[in-house]
Amino acid sequence: MAADIDNILGKYRQGRREELIPLLQEIQAAHGYISEEAIVRVGSHLGLSTTKIYGLATFYDQFRFFPAGKIHIKLCNGTSCFMNGSKAVIDRFREELRIEPGQTTRNGNFSLETVTCMGGCHHGPVIMINGEYHIHVQPEQVPELIRRLKYIIDND
Amino acid sequence: MLFTIQVNNKKIKAEKGETILSALNRNGIIIPTLCRMKEFTPTGACRICVVEVEGRDRLVTACSQPVEEWMKIKTHSPRVITARKTIVELLLSNHPDDCLYCDRNLNCELQRLAEELNIRERRIKGKKTKQRLDQSSPAIVRELAKCILCGRCVRVCEELITCTSLDFINRGRLTHIGAAMDKDFNFSSCIHCGQCVLVCPTGALHEKHNITEVQEYLNKQDVVKAIQYSPAVASGIAEELGIRNSRDFDKSLNAILRKIGFDKIYSTGVGTDICVTEIVNSMMEKPAGDSPQPLYISACPAWVKYAEQFTPSILPSLSKIKSPQQITGILIKTLVAGQLGVKPEQVFSVSVSPCIAMKYEARRDGMMRKGISDVDSVMTVRELARLIRLNGIDVTNIEKEPADEPLSGRSSSAVLAEVSGGLAESVIRLLYFRKTGKEIDRQEFRKLRLSGIFRESVFTIDDREIKVAVVDGLSGLEKLRSAQASGTVYDLVEVMTCQGGCIHGAGLPFASSREELRARAKQVYQADDTEAINLPCKSPTLINLCEKMLKENKEISDKTIFYTHFEKRNVLL
């Protein structure tokens with residue numbers, strides 16, 4: 001992982017402040033999340049305090065600070081999906097998996113993330129499971145969905 | 001360039017380039033503010049200071065909007081008042097209503113605003129912020145539920161202290177102030193200077209209280225209750241308790257402390273005198289032009305932690321002498337305990353300090369011998385004032401009493417050490433006296449006594465040039481670094497974390513405008529001018545200590561006890 005960060009930092013040799021967000025995005029794309037180590041390394045590369053970087057990164061929904069699970073579920077909470085009842089779906093996922101959006105289950109199987117729009121506004125509520133769209137999701141479908149996903153993980 | 005603007009149908013003069021707020025303030029119109037801090041660039045975040053400008057659809061923030069010639073301003077129209085009131089009501093909507101139990105009760109800017117704007121009911125009901133209490137730091141307590149997100153602490157920490165240990169974390173409703181990775185404060189790069197506490201408008205940031213602990217020990221019969229206080233404390237207490245004539249108030253303070261129940265009262269100034277003497281000793285021993293590294297004075301505990309974290313490379317040239325408070329603490333636990341015939345653990349040693357970082361310093365590694373800490377408990381000036389009020393002591397009509405021997409007297413150098421540049425000045429004075437046998441002319445120090453975050457001066461002592469730099473507030477370190485990079489070699493560098501020195505310490509009363517700070521500094525210089533004993537080596541207490549008592553007491557005779565060690569710290573920077 002350290003070598004990865006070295007590679008990415010190497011692309012931003014100038015070490016300018018405005019490169020912070022692209023840098024973090026690239027690290028997240030490579031690792032799936034932003035680790036404490038990554039923040040420290042980026043901080044010393046750009047001459048920024050880790051507090052500032054963490055503060056900025058938490059402002060944006062796109063950055064995660066825990067490794068993503070084997071199955072990463074994105075839950076849309078944009079205006080259209082919200083009007084179609086996405087809140088109940090999100091709550092159901094939180095109850096079933098006992099984690100909050102942004103967290104990963106302890107066994108590393110599932111992680112949740114709320115996003116503001118995935119471009120499926122007329123099909124809401126929309127969720128995305130490992131890059132695959134599921135539309136018109138109803139809260140009652142959630143337990144069955146999770147059971148199926150668990151089955152897939154167990155037999156993988 | 002002056003021009004006329006119209007405010008509330010009256011004409012007033014405004015200057016080009018200034019903000020609406022400063023023009024209004026100069027003309028005696030008061031606008032409430034919350035996120036504004038005088039010496040900082042305005043952010044216009046809280047929007048309490050909004051005013052109505054004719055021709056603009058929206059209200060504008062007076063603190064950040066430059067004044068223009070055509071402006072017709074209404075400062076207290078119904079629309080403005082409603083806006084301000086709504087802002088405060090919204091701030092209160094998720095605020096815990098526990099003013100009675102709050103640290104800042106009767107001294108809170110939010111409370112005052114609510115009062116001024118005549119808010120009498122909770123009109124807007126918001127979901128209360130979850131209580132989160134961070135007591136992990138030895139000096140500063142954070143109560144996140146009371147935070148109104150004005151961002152003053154963030155800016156002070158970044159712009160004034162240059163530590164950047166605090167920032168806004170998350171967004172929207174979830175926004176809160178925190179350290180890197182949202183960890184508890186003791187893991188952060190915080191140096192415990194407490195400037196954030198000084199600017200916090202509510203009780204969200206305050207010092208860790210030791211009053212209960214002190215009270216507990218005051219009621220114990222079998223311990224000797226010893227207290228030491230530094231010269232800035234007496235005037236600070238006078239300020240906090242509203243005593244106008246604070247001259248010689250330290251003598252009254254002695255009487256007050258005895259009434260509270262302290263057995264022995266000592267002066268931290270003795271420790272300062274020893275500290276200055278030891279620094280001069282090490283400078284005398286160091287041959288001229290020995291190393292390009294200067295001797296950094298280590299009396300400011302926040303600066304020491306800063307150096308340990310951010311600039312570990314200078315640690316070898318950081319003076320290893322403990323701070324005055326710790327030295328006095330050691331003397332109390334060894335010498336005084338010996339004289340009184342009690343064991344060191346039977347002495348409860350309290351220190352009153354204008355500084356919050358002293359609380360952290362007393363808990364530092366190396367400030368303890370055989371399980372006995374040098375100083376048991378540290379109180380700020382505000383805490384002591386609270387203790388005085390708690391004990392119901394009439395401070396207006398109090399007799400004057402001296403402090404206790406053997407740690408009673410001090411030189412005026414000890415007072416001087418409370419202002420930025422004072423410690424360096426004391427060192428140079430003593431060095432000059434030791435080398436030449438004469439006293440240095442005070443006029444020589446005028447360059448060190450100027451204002452500005454970085455000051456330097458050259459002194460010729462015995463054909464040797466001594467170059468002294470004073471860093472007044474950590475933001476001045478940048479200038480020191482660039483001066484050193486360009487090849488200037490200093491012999492002595494004094495760094496003070498708080499701008500102005502200990503008289504701007506975070507344990508002192510909250511009001512701290514530039515004028516008040518200047519008044520505090522003036523008091524210090526006046527004391528230095530009028531007091532008879534102006535060099536540590538002339539103080540009878542110190543002479544007595546060095547000649548006799550230190551030699552007789554085996555534990556402290558070799559003086560290694562006054563020294564400590566500093567190590568690089570690994571924290572998230």
# chains A, B, ... in the order shown; residues from 1 in each chain; ligands from 1
call {"tool": "interface_residues", "arguments": {"of": "chain A", "to": "chain B", "cutoff": "8 Å", "atoms": "only C-alpha atoms", "output": "mmCIF file with N, CA and C atoms, in the first residue's frame"}}
result
data_model
loop_
_atom_site.group_PDB
_atom_site.id
_atom_site.type_symbol
_atom_site.label_atom_id
_atom_site.label_comp_id
_atom_site.auth_asym_id
_atom_site.auth_seq_id
_atom_site.Cartn_x
_atom_site.Cartn_y
_atom_site.Cartn_z
ATOM 1 N N GLU A 36 -5.417 6.340 7.369
ATOM 2 C CA GLU A 36 -4.709 7.341 8.159
ATOM 3 C C GLU A 36 -3.304 7.556 7.588
ATOM 4 N N VAL A 40 -1.503 11.058 6.307
ATOM 5 C CA VAL A 40 -0.218 11.557 6.811
ATOM 6 C C VAL A 40 0.750 11.791 5.660
ATOM 7 N N SER A 49 -1.641 20.312 7.093
ATOM 8 C CA SER A 49 -1.881 19.595 8.339
ATOM 9 C C SER A 49 -2.875 18.463 8.105
ATOM 10 N N THR A 50 -2.692 17.347 8.793
ATOM 11 C CA THR A 50 -3.608 16.211 8.628
ATOM 12 C C THR A 50 -5.020 16.601 9.036
ATOM 13 N N THR A 51 -5.110 17.500 10.012
ATOM 14 C CA THR A 51 -6.428 17.950 10.454
ATOM 15 C C THR A 51 -7.176 18.601 9.298
ATOM 16 N N LYS A 52 -6.472 19.453 8.548
ATOM 17 C CA LYS A 52 -7.085 20.143 7.400
ATOM 18 C C LYS A 52 -7.539 19.128 6.354
ATOM 19 N N TYR A 54 -8.211 15.907 6.725
ATOM 20 C CA TYR A 54 -9.339 15.115 7.217
ATOM 21 C C TYR A 54 -10.616 15.947 7.193
ATOM 22 N N GLY A 55 -10.489 17.213 7.610
ATOM 23 C CA GLY A 55 -11.638 18.114 7.609
ATOM 24 C C GLY A 55 -12.209 18.267 6.213
ATOM 25 N N LEU A 56 -11.338 18.448 5.241
ATOM 26 C CA LEU A 56 -11.802 18.614 3.863
ATOM 27 C C LEU A 56 -12.415 17.320 3.341
ATOM 28 N N THR A 58 -13.797 14.845 4.897
ATOM 29 C CA THR A 58 -15.089 14.484 5.482
ATOM 30 C C THR A 58 -16.200 15.371 4.950
ATOM 31 N N PHE A 59 -15.839 16.524 4.372
ATOM 32 C CA PHE A 59 -16.867 17.403 3.809
ATOM 33 C C PHE A 59 -17.549 16.728 2.628
ATOM 34 N N TYR A 60 -16.776 15.961 1.861
ATOM 35 C CA TYR A 60 -17.318 15.343 0.651
ATOM 36 C C TYR A 60 -17.784 13.920 0.933
#
call {"tool": "select_by_dssp", "arguments": {"residues": "range 228-472 of chain B", "states": "alpha helix (DSSP H)", "output": "PyMOL selection string"}}
result
chain B and resi 231-240+249-260+269-285+301-310+324-331+337-340+357-362+381-390+412-416+422-436+446-449
call {"tool": "write_last_selection", "arguments": {"atoms": "C-alpha atoms", "output": "JSON list (two decimals), in the first residue's frame"}}
result
[["chain", "number", "residue", "atom", "x", "y", "z"],
["B", 231, "PRO", "CA", 3.76, 37.51, 39.19],
["B", 232, "ALA", "CA", 1.09, 37.77, 36.48],
["B", 233, "VAL", "CA", -1.42, 36.03, 38.73],
["B", 234, "ALA", "CA", -1.87, 38.84, 41.23],
["B", 235, "SER", "CA", -2.84, 41.43, 38.63],
["B", 236, "GLY", "CA", -4.95, 38.82, 36.84],
["B", 237, "ILE", "CA", -6.92, 38.07, 40.00],
["B", 238, "ALA", "CA", -7.36, 41.79, 40.62],
["B", 239, "GLU", "CA", -8.71, 42.14, 37.08],
["B", 240, "GLU", "CA", -11.07, 39.20, 37.45],
["B", 249, "PHE", "CA", -2.07, 43.20, 45.24],
["B", 250, "ASP", "CA", 0.21, 40.19, 45.58],
["B", 251, "LYS", "CA", 0.55, 40.97, 49.29],
["B", 252, "SER", "CA", -3.22, 41.05, 49.66],
["B", 253, "LEU", "CA", -3.41, 37.84, 47.66],
["B", 254, "ASN", "CA", -1.13, 36.18, 50.22],
["B", 255, "ALA", "CA", -3.62, 37.07, 52.95],
["B", 256, "ILE", "CA", -6.53, 35.84, 50.82],
["B", 257, "LEU", "CA", -4.81, 32.52, 50.15],
["B", 258, "ARG", "CA", -4.12, 32.03, 53.85],
["B", 259, "LYS", "CA", -7.78, 32.66, 54.57],
["B", 260, "ILE", "CA", -8.76, 30.02, 52.02],
["B", 269, "GLY", "CA", 9.41, 34.16, 40.71],
["B", 270, "VAL", "CA", 12.10, 32.30, 42.64],
["B", 271, "GLY", "CA", 11.93, 29.57, 40.02],
["B", 272, "THR", "CA", 12.21, 32.19, 37.28],
["B", 273, "ASP", "CA", 15.29, 33.62, 38.95],
["B", 274, "ILE", "CA", 16.89, 30.17, 39.10],
["B", 275, "CYS", "CA", 15.86, 29.49, 35.51],
["B", 276, "VAL", "CA", 17.48, 32.75, 34.34],
["B", 277, "THR", "CA", 20.61, 32.06, 36.37],
["B", 278, "GLU", "CA", 20.95, 28.56, 34.95],
["B", 279, "ILE", "CA", 20.50, 29.80, 31.37],
["B", 280, "VAL", "CA", 23.19, 32.43, 31.97],
["B", 281, "ASN", "CA", 25.48, 29.75, 33.45],
["B", 282, "SER", "CA", 25.10, 27.59, 30.36],
["B", 283, "MET", "CA", 25.76, 30.60, 28.11],
["B", 284, "MET", "CA", 28.89, 31.50, 30.07],
["B", 285, "GLU", "CA", 30.16, 27.95, 29.72],
["B", 301, "PRO", "CA", 5.70, 24.48, 27.82],
["B", 302, "ALA", "CA", 3.52, 24.92, 24.74],
["B", 303, "TRP", "CA", 6.55, 25.96, 22.70],
["B", 304, "VAL", "CA", 8.43, 22.91, 23.98],
["B", 305, "LYS", "CA", 5.66, 20.61, 22.79],
["B", 306, "TYR", "CA", 5.55, 22.46, 19.49],
["B", 307, "ALA", "CA", 9.31, 21.93, 19.05],
["B", 308, "GLU", "CA", 9.01, 18.26, 19.97],
["B", 309, "GLN", "CA", 6.36, 17.75, 17.31],
["B", 310, "PHE", "CA", 7.17, 20.09, 14.46],
["B", 324, "PRO", "CA", 9.97, 28.24, 36.66],
["B", 325, "GLN", "CA", 6.82, 26.54, 37.93],
["B", 326, "GLN", "CA", 8.48, 23.12, 38.00],
["B", 327, "ILE", "CA", 11.66, 24.46, 39.64],
["B", 328, "THR", "CA", 9.65, 26.11, 42.40],
["B", 329, "GLY", "CA", 7.65, 22.90, 42.71],
["B", 330, "ILE", "CA", 10.85, 20.91, 43.21],
["B", 331, "LEU", "CA", 12.07, 23.36, 45.84],
["B", 337, "ALA", "CA", 9.45, 19.72, 53.01],
["B", 338, "GLY", "CA", 12.84, 19.14, 54.65],
["B", 339, "GLN", "CA", 12.62, 22.37, 56.62],
["B", 340, "LEU", "CA", 9.10, 21.60, 57.78],
["B", 357, "ALA", "CA", -0.28, 24.53, 29.17],
["B", 358, "MET", "CA", 1.20, 24.47, 32.68],
["B", 359, "LYS", "CA", -1.51, 21.94, 33.55],
["B", 360, "TYR", "CA", -0.11, 19.72, 30.86],
["B", 361, "GLU", "CA", 3.48, 20.42, 31.86],
["B", 362, "ALA", "CA", 2.92, 19.29, 35.44],
["B", 381, "VAL", "CA", -6.18, 32.54, 37.39],
["B", 382, "ARG", "CA", -9.88, 32.16, 36.57],
["B", 383, "GLU", "CA", -10.08, 29.04, 38.71],
["B", 384, "LEU", "CA", -8.39, 30.74, 41.65],
["B", 385, "ALA", "CA", -10.79, 33.67, 41.36],
["B", 386, "ARG", "CA", -13.61, 31.14, 41.49],
["B", 387, "LEU", "CA", -12.09, 29.52, 44.56],
["B", 388, "ILE", "CA", -11.81, 32.92, 46.25],
["B", 389, "ARG", "CA", -15.48, 33.68, 45.54],
["B", 390, "LEU", "CA", -16.43, 30.20, 46.66],
["B", 412, "SER", "CA", 12.00, 42.16, 38.94],
["B", 413, "SER", "CA", 13.41, 39.92, 36.18],
["B", 414, "ALA", "CA", 10.83, 37.39, 37.25],
["B", 415, "VAL", "CA", 8.05, 39.89, 36.59],
["B", 416, "LEU", "CA", 9.58, 40.82, 33.28],
["B", 422, "GLY", "CA", 11.26, 39.64, 28.99],
["B", 423, "LEU", "CA", 13.03, 36.39, 29.67],
["B", 424, "ALA", "CA", 15.65, 37.11, 27.02],
["B", 425, "GLU", "CA", 16.05, 40.57, 28.50],
["B", 426, "SER", "CA", 16.56, 39.16, 32.00],
["B", 427, "VAL", "CA", 19.15, 36.71, 30.69],
["B", 428, "ILE", "CA", 21.10, 39.45, 28.88],
["B", 429, "ARG", "CA", 20.96, 41.70, 31.93],
["B", 430, "LEU", "CA", 22.38, 39.06, 34.20],
["B", 431, "LEU", "CA", 24.95, 37.99, 31.64],
["B", 432, "TYR", "CA", 26.11, 41.59, 31.26],
["B", 433, "PHE", "CA", 26.32, 42.02, 35.01],
["B", 434, "ARG", "CA", 28.26, 38.82, 35.49],
["B", 435, "LYS", "CA", 30.77, 39.63, 32.76],
["B", 436, "THR", "CA", 31.29, 43.31, 33.37],
["B", 446, "ARG", "CA", 14.12, 49.07, 23.25],
["B", 447, "LYS", "CA", 14.37, 46.93, 20.12],
["B", 448, "LEU", "CA", 13.28, 43.86, 22.08],
["B", 449, "ARG", "CA", 10.42, 45.77, 23.67]]
call {"tool": "closest_residue", "arguments": {"among": "A:Ala30, A:Cys76, A:Val142, A:Leu149", "to": "His123 in chain A", "atoms": "only C-alpha atoms"}}
result
A:Cys76
call {"tool": "closest_residue", "arguments": {"among": "B:Glu143, B:Glu401, B:Glu159, B:Glu213", "to": "Gly473 in chain B", "atoms": "only C-alpha atoms"}}
result
B:Glu159
call {"tool": "closest_residue", "arguments": {"among": "A:Ile71, A:Ile152, A:Ile90, A:Ile99", "to": "Ile129 in chain A", "atoms": "only C-alpha atoms"}}
result
A:Ile71
call {"tool": "residues_around", "arguments": {"residues": "Glu100 in chain A", "least_positions_apart": "5", "cutoff": "12 Å", "atoms": "only C-alpha atoms", "output": "ChimeraX atom specification"}}
result
/A:66,73,75,90-95,105,110-114
call {"tool": "write_last_selection", "arguments": {"atoms": "N, CA and C atoms", "output": "compact mmCIF listing (two decimals), in the first residue's frame"}}
result
# COMPACT_ATOMS: atom_id res chain seq x y z
N PHE A 66 -12.99 3.92 5.91
CA PHE A 66 -12.87 2.51 6.27
C PHE A 66 -12.77 1.73 4.96
N ILE A 73 -22.49 -1.43 -1.09
CA ILE A 73 -23.83 -1.03 -1.51
C ILE A 73 -23.95 0.49 -1.46
N LEU A 75 -26.41 3.61 -1.69
CA LEU A 75 -27.83 3.88 -1.56
C LEU A 75 -28.07 5.32 -1.97
N ILE A 90 -32.93 2.94 3.22
CA ILE A 90 -31.64 3.12 3.91
C ILE A 90 -31.74 2.63 5.35
N ASP A 91 -32.86 3.01 6.00
CA ASP A 91 -33.04 2.60 7.40
C ASP A 91 -33.08 1.08 7.51
N ARG A 92 -33.72 0.44 6.54
CA ARG A 92 -33.82 -1.02 6.58
C ARG A 92 -32.43 -1.66 6.45
N PHE A 93 -31.62 -1.11 5.53
CA PHE A 93 -30.25 -1.62 5.39
C PHE A 93 -29.46 -1.42 6.68
N ARG A 94 -29.63 -0.25 7.32
CA ARG A 94 -28.91 0.01 8.56
C ARG A 94 -29.31 -0.98 9.64
N GLU A 95 -30.61 -1.26 9.70
CA GLU A 95 -31.09 -2.20 10.71
C GLU A 95 -30.58 -3.61 10.45
N THR A 105 -19.19 -3.76 7.77
CA THR A 105 -19.48 -4.76 8.81
C THR A 105 -18.18 -5.37 9.31
N PHE A 110 -19.94 -6.50 4.12
CA PHE A 110 -20.80 -5.46 3.55
C PHE A 110 -20.32 -4.07 3.94
N SER A 111 -20.48 -3.13 3.02
CA SER A 111 -20.28 -1.74 3.40
C SER A 111 -21.38 -0.90 2.76
N LEU A 112 -21.77 0.14 3.44
CA LEU A 112 -22.86 1.00 2.95
C LEU A 112 -22.32 2.38 2.65
N GLU A 113 -22.98 3.03 1.70
CA GLU A 113 -22.61 4.40 1.38
C GLU A 113 -23.85 5.09 0.85
N THR A 114 -24.13 6.29 1.33
CA THR A 114 -25.23 7.02 0.71
C THR A 114 -24.66 7.98 -0.32
call {"tool": "residues_around", "arguments": {"residues": "Ser457 in chain B", "least_positions_apart": "2", "cutoff": "8 Å", "atoms": "only C-alpha atoms", "output": "PyMOL selection string"}}
result
chain B and resi 445+447-448+455+459+467-469
call {"tool": "select_by_dssp", "arguments": {"residues": "range 191-421 of chain B", "states": "strand (DSSP E)", "output": "CSV table (one decimal) with N, CA and C atoms, in the first residue's frame"}}
result
chain,number,residue,atom,x,y,z
B,205,LEU,N,-15.2,25.1,24.8
B,205,LEU,CA,-13.8,24.8,25.1
B,205,LEU,C,-13.5,25.5,26.4
B,206,HIS,N,-13.0,24.7,27.3
B,206,HIS,CA,-12.6,25.4,28.6
B,206,HIS,C,-11.4,24.5,29.2
B,207,GLU,N,-10.8,25.1,30.2
B,207,GLU,CA,-9.7,24.4,30.8
B,207,GLU,C,-10.2,23.3,31.7
B,224,VAL,N,0.5,19.3,54.2
B,224,VAL,CA,0.9,20.7,54.2
B,224,VAL,C,0.4,21.3,52.8
B,225,LYS,N,-0.5,22.3,52.9
B,225,LYS,CA,-1.0,22.8,51.6
B,225,LYS,C,-0.2,24.0,51.2
B,226,ALA,N,0.7,23.8,50.2
B,226,ALA,CA,1.5,24.8,49.7
B,226,ALA,C,1.0,25.3,48.3
B,227,ILE,N,1.2,26.6,48.1
B,227,ILE,CA,0.7,27.2,46.9
B,227,ILE,C,1.8,28.1,46.3
B,228,GLN,N,2.0,28.1,45.1
B,228,GLN,CA,2.9,29.1,44.4
B,228,GLN,C,2.2,29.8,43.3
B,229,TYR,N,2.5,31.1,43.2
B,229,TYR,CA,1.8,31.8,42.0
B,229,TYR,C,2.8,32.7,41.4
B,264,LYS,N,1.2,27.4,53.3
B,264,LYS,CA,2.5,28.1,52.8
B,264,LYS,C,2.3,28.7,51.5
B,265,ILE,N,2.8,29.9,51.3
B,265,ILE,CA,2.6,30.6,50.1
B,265,ILE,C,4.0,31.0,49.5
B,266,TYR,N,4.2,30.6,48.3
B,266,TYR,CA,5.5,30.9,47.7
B,266,TYR,C,5.4,31.6,46.4
B,267,SER,N,6.5,32.1,46.0
B,267,SER,CA,6.5,32.9,44.7
B,267,SER,C,7.2,32.1,43.6
B,295,LEU,N,20.8,29.1,21.5
B,295,LEU,CA,20.2,28.4,22.7
B,295,LEU,C,18.7,28.9,22.7
B,296,TYR,N,17.8,27.9,22.6
B,296,TYR,CA,16.4,28.2,22.7
B,296,TYR,C,16.0,28.1,24.1
B,347,VAL,N,3.2,16.9,51.3
B,347,VAL,CA,3.0,18.3,50.8
B,347,VAL,C,2.1,18.2,49.6
B,348,PHE,N,1.0,19.0,49.6
B,348,PHE,CA,0.2,19.1,48.5
B,348,PHE,C,0.5,20.5,47.8
B,349,SER,N,1.2,20.4,46.7
B,349,SER,CA,1.7,21.6,46.1
B,349,SER,C,0.9,22.1,44.9
B,350,VAL,N,0.3,23.3,45.0
B,350,VAL,CA,-0.6,23.8,44.0
B,350,VAL,C,0.2,25.0,43.3
B,351,SER,N,0.0,25.1,42.0
B,351,SER,CA,0.5,26.2,41.3
B,351,SER,C,-0.6,27.0,40.7
B,352,VAL,N,-0.5,28.3,40.8
B,352,VAL,CA,-1.5,29.1,40.0
B,352,VAL,C,-0.7,29.8,38.9
B,353,SER,N,-1.3,29.7,37.7
B,353,SER,CA,-0.5,30.2,36.6
B,353,SER,C,-1.4,30.9,35.6
B,368,MET,N,8.6,14.2,37.5
B,368,MET,CA,8.2,13.4,38.7
B,368,MET,C,9.5,12.7,39.2
B,369,ARG,N,9.6,12.6,40.5
B,369,ARG,CA,10.7,11.7,41.0
B,369,ARG,C,10.2,10.8,42.0
B,372,ILE,N,6.7,11.0,43.0
B,372,ILE,CA,6.1,12.2,43.5
B,372,ILE,C,6.3,13.3,42.5
B,373,SER,N,5.1,13.9,42.1
B,373,SER,CA,5.2,14.9,41.1
B,373,SER,C,5.7,16.2,41.7
B,377,SER,N,-1.0,20.1,41.5
B,377,SER,CA,-2.2,20.5,40.9
B,377,SER,C,-1.9,22.0,40.3
B,378,VAL,N,-2.4,22.2,39.1
B,378,VAL,CA,-2.2,23.6,38.6
B,378,VAL,C,-3.6,24.2,38.3
B,379,MET,N,-3.7,25.4,38.8
B,379,MET,CA,-5.0,26.2,38.6
B,379,MET,C,-4.7,27.4,37.7
B,380,THR,N,-5.7,27.8,36.9
B,380,THR,CA,-5.6,29.0,36.2
B,380,THR,C,-6.0,30.1,37.1
call {"tool": "residues_around", "arguments": {"residues": "range 85-92 of chain B", "least_positions_apart": "6", "cutoff": "12 Å", "atoms": "only C-alpha atoms", "output": "PyMOL selection string"}}
result
chain B and resi 32-34+45-50+76+78-79+98-99+109-129+145-150+202
call {"tool": "residues_around", "arguments": {"residues": "Glu140 in chain A", "least_positions_apart": "3", "cutoff": "10 Å", "atoms": "only C-alpha atoms", "output": "MDAnalysis selection string"}}
result
chainID A and resid 88:89 92 137 143:145
call {"tool": "closest_residue", "arguments": {"among": "A:Ile135, A:Ile21, A:Ala29, A:Ala38", "to": "Ala3 in chain A", "atoms": "only C-alpha atoms"}}
result
A:Ala38
call {"tool": "decode", "arguments": {"residues": "range 299-311 of chain B", "atoms": "N, CA and C atoms", "output": "CSV table (one decimal), in the first residue's frame"}}
result
chain,number,residue,atom,x,y,z
B,299,ALA,N,11.2,27.9,28.6
B,299,ALA,CA,10.3,28.2,29.7
B,299,ALA,C,8.8,28.0,29.3
B,300,CYS,N,8.5,28.1,28.0
B,300,CYS,CA,7.1,28.0,27.6
B,300,CYS,C,6.8,26.6,27.3
B,301,PRO,N,5.9,25.9,28.1
B,301,PRO,CA,5.7,24.5,27.8
B,301,PRO,C,5.0,24.2,26.5
B,302,ALA,N,4.2,25.1,26.0
B,302,ALA,CA,3.5,24.9,24.7
B,302,ALA,C,4.5,25.0,23.6
B,303,TRP,N,5.5,25.9,23.7
B,303,TRP,CA,6.5,26.0,22.7
B,303,TRP,C,7.4,24.7,22.7
B,304,VAL,N,7.6,24.1,23.9
B,304,VAL,CA,8.4,22.9,24.0
B,304,VAL,C,7.7,21.8,23.3
B,305,LYS,N,6.4,21.7,23.5
B,305,LYS,CA,5.7,20.6,22.8
B,305,LYS,C,5.6,20.9,21.3
B,306,TYR,N,5.5,22.1,20.9
B,306,TYR,CA,5.6,22.5,19.5
B,306,TYR,C,6.9,22.0,18.9
B,307,ALA,N,8.0,22.3,19.6
B,307,ALA,CA,9.3,21.9,19.1
B,307,ALA,C,9.4,20.4,19.0
B,308,GLU,N,8.9,19.7,20.0
B,308,GLU,CA,9.0,18.3,20.0
B,308,GLU,C,8.3,17.6,18.8
B,309,GLN,N,7.2,18.3,18.4
B,309,GLN,CA,6.4,17.8,17.3
B,309,GLN,C,6.8,18.2,15.9
B,310,PHE,N,7.0,19.5,15.8
B,310,PHE,CA,7.2,20.1,14.5
B,310,PHE,C,8.6,20.3,14.1
B,311,THR,N,9.5,20.6,15.0
B,311,THR,CA,10.9,20.9,14.7
B,311,THR,C,11.8,20.1,15.6
